[in-house]
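Q: I'd like to ask some things about the structure below.
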Amino acid sequence: MKFVMLLLLSLTLYGADKIYEYGDLEVQDDGMLIETKTKALANGIGKFYYDSGRVRGETPFKDGKREGLGKTYYETGELQSETLFKNDMIEGLRKSYFTSGKVQSETPFVNDKAQGVAKIYYPSGKLQSETPFHDNKAEGISKLYYESGKVANEIVFKQSVAISGFQYDEKGKKTAMSEEQIKEIGL
């Protein structure tokens, strides 16, 4: 019976994720993360801390690469962001949060590049802006909104360069933006 208990305990420990802290991992020339002491590929959760000792972030590793849902936290402990990693690249919707827990921004990623419509929200939860991205660059018409939900600006981007735009007042009156106003916007 003692043998069975020892076997179960060892299997449980073997299957548990390792927790890595500062100094436990190093980067090889090929970019893979390895354990500093054993030189084995990282498999577990890397934890990073504020000077206060509170957790700043958690990054999952599998076979020396980021794999799974990474999280960052405000020093007060609230969730600050979530990023999904697949084969060491950002893949899926990256989200950031206000300290209230409401979503602050959402950006879709494909193969480590922003791809799709990125959205930013007001603390109230209402949409503040939406910008289309292609291969990590703003591409197309970006819209900024008043908190009322009405369009405040429309800006056309090409390769992350603002090339034209319009402003709207709260009543919907449309005015072309000057070149100076457009240059100030850039991403």
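So you can find residues: chains in the structure tokens are A, B, ... in the order shown, residues in each start at 1, and ligands are numbered from 1 in order.
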With a cut-off of 8 Å, could you pull out the residues of segment 44-65 of chain A touching segment 77-94 of chain A and give me the nearest pair of atoms for each, distance in Å to one decimal, using only C-alpha atoms, ordered by chain and ascending number, as JSON lines?
A:
{"residue": "A:Arg54", "atom": "CA", "partner": "A:Gly77", "partner_atom": "CA", "distance": 7.3}
{"residue": "A:Val55", "atom": "CA", "partner": "A:Gly77", "partner_atom": "CA", "distance": 7.5}
{"residue": "A:Lys65", "atom": "CA", "partner": "A:Asp88", "partner_atom": "CA", "distance": 4.9}
Q: Excluding same-chain residues fewer than 5 positions from Leu33 of chain A, what lies within 12 Å of it counting only C-alpha atoms, as a ChimeraX atom specification?
A: /A:20,23-28,38-46,59-67,88
Q: Between atom CA of Ser96 of chain A and atom CA of Tyr73 of chain A, what is the distance, to one decimal in Å?
A: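 Those two atoms sit 9.9 Å apart.
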Q: Give me, as a tab-separated table (two decimals) with C-alpha atoms, in the first residue's frame, the residues of segment 19-148 of chain A that a backbone DSSP run labels strand (DSSP E or B).
A:
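Result file follows (states.tsv):
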chain	number	residue	atom	x	y	z
A	19	ILE	CA	6.96	27.49	-11.35
A	20	TYR	CA	9.88	29.53	-12.66
A	25	LEU	CA	15.43	30.47	-17.02
A	26	GLU	CA	17.81	31.58	-19.73
A	27	VAL	CA	17.50	32.01	-23.48
A	33	LEU	CA	14.00	28.99	-22.94
A	34	ILE	CA	15.86	26.52	-20.79
A	35	GLU	CA	16.19	25.95	-17.06
A	41	LEU	CA	13.58	23.03	-21.92
A	44	GLY	CA	5.75	25.33	-16.58
A	45	ILE	CA	4.78	28.85	-15.58
A	46	GLY	CA	7.19	31.77	-15.45
A	47	LYS	CA	6.21	34.23	-12.71
A	48	PHE	CA	7.42	37.80	-12.60
A	49	TYR	CA	7.04	40.13	-9.63
A	55	VAL	CA	2.79	38.92	-9.01
A	56	ARG	CA	3.30	41.12	-12.08
A	57	GLY	CA	2.83	38.43	-14.72
A	58	GLU	CA	2.56	34.75	-15.52
A	59	THR	CA	3.73	33.20	-18.77
A	60	PRO	CA	3.20	29.51	-19.57
A	61	PHE	CA	6.01	27.57	-21.27
A	62	LYS	CA	5.99	24.25	-23.08
A	65	LYS	CA	8.38	28.17	-25.90
A	66	ARG	CA	5.52	30.36	-24.70
A	68	GLY	CA	-1.03	29.04	-23.41
A	69	LEU	CA	-2.64	32.04	-21.73
A	70	GLY	CA	-0.18	34.63	-20.38
A	71	LYS	CA	-1.44	37.17	-17.86
A	72	THR	CA	-0.23	40.45	-16.39
A	73	TYR	CA	-1.56	42.10	-13.25
A	79	LEU	CA	-5.93	41.47	-14.04
A	80	GLN	CA	-4.26	43.90	-16.48
A	81	SER	CA	-3.97	41.84	-19.66
A	82	GLU	CA	-4.36	38.40	-21.22
A	83	THR	CA	-2.37	37.16	-24.20
A	84	LEU	CA	-2.73	33.76	-25.82
A	85	PHE	CA	0.50	32.18	-27.06
A	86	LYS	CA	0.83	29.30	-29.50
A	89	MET	CA	3.75	33.55	-30.96
A	90	ILE	CA	0.74	35.66	-30.02
A	92	GLY	CA	-5.87	35.07	-30.85
A	93	LEU	CA	-7.43	38.01	-29.04
A	94	ARG	CA	-5.10	40.00	-26.76
A	95	LYS	CA	-7.12	41.84	-24.11
A	96	SER	CA	-6.24	44.56	-21.64
A	97	TYR	CA	-8.40	45.61	-18.71
A	103	VAL	CA	-12.19	45.54	-21.04
A	104	GLN	CA	-9.91	48.41	-22.07
A	105	SER	CA	-8.77	47.07	-25.45
A	106	GLU	CA	-8.98	44.01	-27.71
A	107	THR	CA	-6.57	43.28	-30.51
A	108	PRO	CA	-6.74	40.15	-32.69
A	109	PHE	CA	-3.41	38.49	-33.55
A	110	VAL	CA	-2.42	35.91	-36.15
A	113	LYS	CA	0.97	40.18	-35.81
A	114	ALA	CA	-2.08	42.38	-35.26
A	116	GLY	CA	-8.20	42.36	-37.85
A	117	VAL	CA	-10.06	45.15	-36.07
A	118	ALA	CA	-8.50	46.40	-32.83
A	119	LYS	CA	-10.92	48.03	-30.39
A	120	ILE	CA	-10.42	50.44	-27.49
A	121	TYR	CA	-13.11	51.13	-24.91
A	127	LEU	CA	-16.54	51.72	-27.72
A	128	GLN	CA	-13.94	54.50	-28.07
A	129	SER	CA	-12.23	53.47	-31.31
A	130	GLU	CA	-11.84	50.69	-33.85
A	131	THR	CA	-8.90	50.37	-36.21
A	132	PRO	CA	-8.34	47.67	-38.84
A	133	PHE	CA	-4.87	46.08	-38.90
A	134	HIS	CA	-3.10	44.00	-41.53
A	137	LYS	CA	-0.03	47.93	-39.52
A	138	ALA	CA	-3.13	50.10	-39.45
A	140	GLY	CA	-8.17	51.16	-43.75
A	141	ILE	CA	-10.65	53.43	-42.00
A	142	SER	CA	-10.19	53.93	-38.28
A	143	LYS	CA	-13.16	55.31	-36.37
A	144	LEU	CA	-13.06	57.20	-33.10
A	145	TYR	CA	-16.27	57.69	-31.15
Q: Just how far from atom CA of Lys174 of chain A is atom CA of Phe157 of chain A, in Å to one decimal?
A: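 If I compute the distance from atom CA of Phe157 of chain A to atom CA of Lys174 of chain A, I get 18.5 Å.
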Q: Quick check, in Å to one decimal: how far apart do atom CA of Ser52 of chain A and atom CA of Lys18 of chain A lie?
A: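 Atom CA of Ser52 of chain A sits 22.7 Å away from atom CA of Lys18 of chain A.
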Q: Taking only C-alpha atoms into account, which of A:Asp30, A:Glu139, A:Glu170, A:Asp51 comes nearest Ala152 of chain A?
A: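 Smallest separation from Ala152 of chain A among the options: A:Glu170.
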